[in-house]
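This report refers to the structure that appears directly beneath it.
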Amino acid sequence: MIVQIVGVKKSEYKGNNGEQKVGYNIMGLKDFTSYEQGNAECQGHDVVREFTRQDFGVQPGDVVDFEYEPGFENRATLVGVRKLSVTDNPHEKDSKKEGK
């Protein structure tokens with residue numbers, strides 16, 4: 001699935017065993033499927049949000065291809081991100097100016 005990344009949120013949390021873990025919420029925009037376009041009035045883009053424990057090194061502005069495999073209860077699980085085009089992160093520059 002081709003996605004343009006619009007946000008990445010890295011957060012720490014405690015796992016079931018009390019161990020500290022890191023997770024990533026990756027937000028992006030994708031085109032509506034041909035099924036959706038054929039059965040509804042679609043404007044703009046569809047929104048995608050994926051959670052992963054892997055740092056794929058994506059940042060806002062990147063265009064990527066999300067790769068999935070069947071996971072728990074045969075649900076699609078994000079297992080890879082192939083970068084198609086990379087851009088400078090405009091939000092990173094703003095964060096450095098603000099001292100974040």
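Going through the structure tokens in order, the chains are called A, B, and so on, while each chain numbers its residues from 1 and the ligands are numbered from 1 in the order shown.
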Where in chain A does DSSP assign strand (DSSP E or B), given as a PyMOL selection string? chain A and resi 2-14+20-30+46-52+63-70+76-85
Which of these residues is nearest to Arg53 (chain A), using only C-alpha atoms: A:Gly23, A:Gly15, A:Gly38, A:Gly80? A:Gly23
For Ile26 (chain A), the closest of A:Ile2, A:Val58, A:Val86, A:Cys42 counting only C-alpha atoms is A:Val58
Straight-line distance linking CA of Glu69 (chain A) with CA of Gln4 (chain A), stated in Å to one decimal: 20.3 Å
As a ChimeraX atom specification, please: all residues of chain A that backbone DSSP puts in alpha helix (DSSP H). /A:34-39,90-98
With C-alpha atoms retained, export the selected residues as a compact mmCIF listing (two decimals), in the first residue's frame.
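Printed below is again-v5.txt as written:
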# COMPACT_ATOMS: atom_id res chain seq x y z
CA SER A 34 -10.69 1.41 -6.97
CA TYR A 35 -13.55 -0.37 -5.16
CA GLU A 36 -14.16 2.70 -2.98
CA GLN A 37 -13.99 5.01 -5.99
CA GLY A 38 -16.44 2.82 -7.89
CA ASN A 39 -18.95 2.60 -5.04
CA PRO A 90 9.98 20.14 7.81
CA HIS A 91 8.68 19.46 11.34
CA GLU A 92 12.13 18.45 12.57
CA LYS A 93 13.49 21.90 11.65
CA ASP A 94 10.59 23.56 13.49
CA SER A 95 11.21 21.40 16.58
CA LYS A 96 14.89 22.38 16.68
CA LYS A 97 13.95 26.06 16.51
CA GLU A 98 11.60 25.60 19.48
To one decimal in Å, tell me the separation between CA of Gln54 (chain A) and CA of Asn16 (chain A). 18.1 Å
Could you pull the residues within 9 Å of Gly61 (chain A), counting only C-alpha atoms, minus those fewer than 6 positions along the same chain, as a PyMOL selection string? chain A and resi 4-7+85-90
The selected residues should be written to file as a JSON list (two decimals), in the first residue's frame (atoms: C-alpha atoms).
[["chain", "number", "residue", "atom", "x", "y", "z"],
["A", 4, "GLN", "CA", 2.62, 9.46, 2.17],
["A", 5, "ILE", "CA", 3.75, 9.83, 5.78],
["A", 6, "VAL", "CA", 2.23, 12.81, 7.60],
["A", 7, "GLY", "CA", 3.16, 11.95, 11.19],
["A", 85, "SER", "CA", 10.95, 8.78, -1.97],
["A", 86, "VAL", "CA", 12.47, 10.59, 0.96],
["A", 87, "THR", "CA", 12.09, 14.23, 1.91],
["A", 88, "ASP", "CA", 13.57, 16.47, 4.54],
["A", 89, "ASN", "CA", 11.31, 16.55, 7.59],
["A", 90, "PRO", "CA", 9.98, 20.14, 7.81]]
Exercise: Met27 (chain A) partners within 12 Å, only C-alpha atoms, chain neighbours under 5 positions left out, as a PyMOL selection string: chain A and resi 3-10+46-52+58-64+66
Could you check how far CA of Asp31 (chain A) sits from CA of Asp65 (chain A), in Å to one decimal?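 For CA of Asp31 (chain A) relative to CA of Asp65 (chain A), the distance reads 12.3 Å.
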For Val79 (chain A), which residue out of A:Glu41, A:Glu12, A:Asp55, A:Glu67 is the nearest one, using only C-alpha atoms?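 Nearest candidate to Val79 (chain A) out of A:Glu41, A:Glu12, A:Asp55, A:Glu67: A:Glu67.
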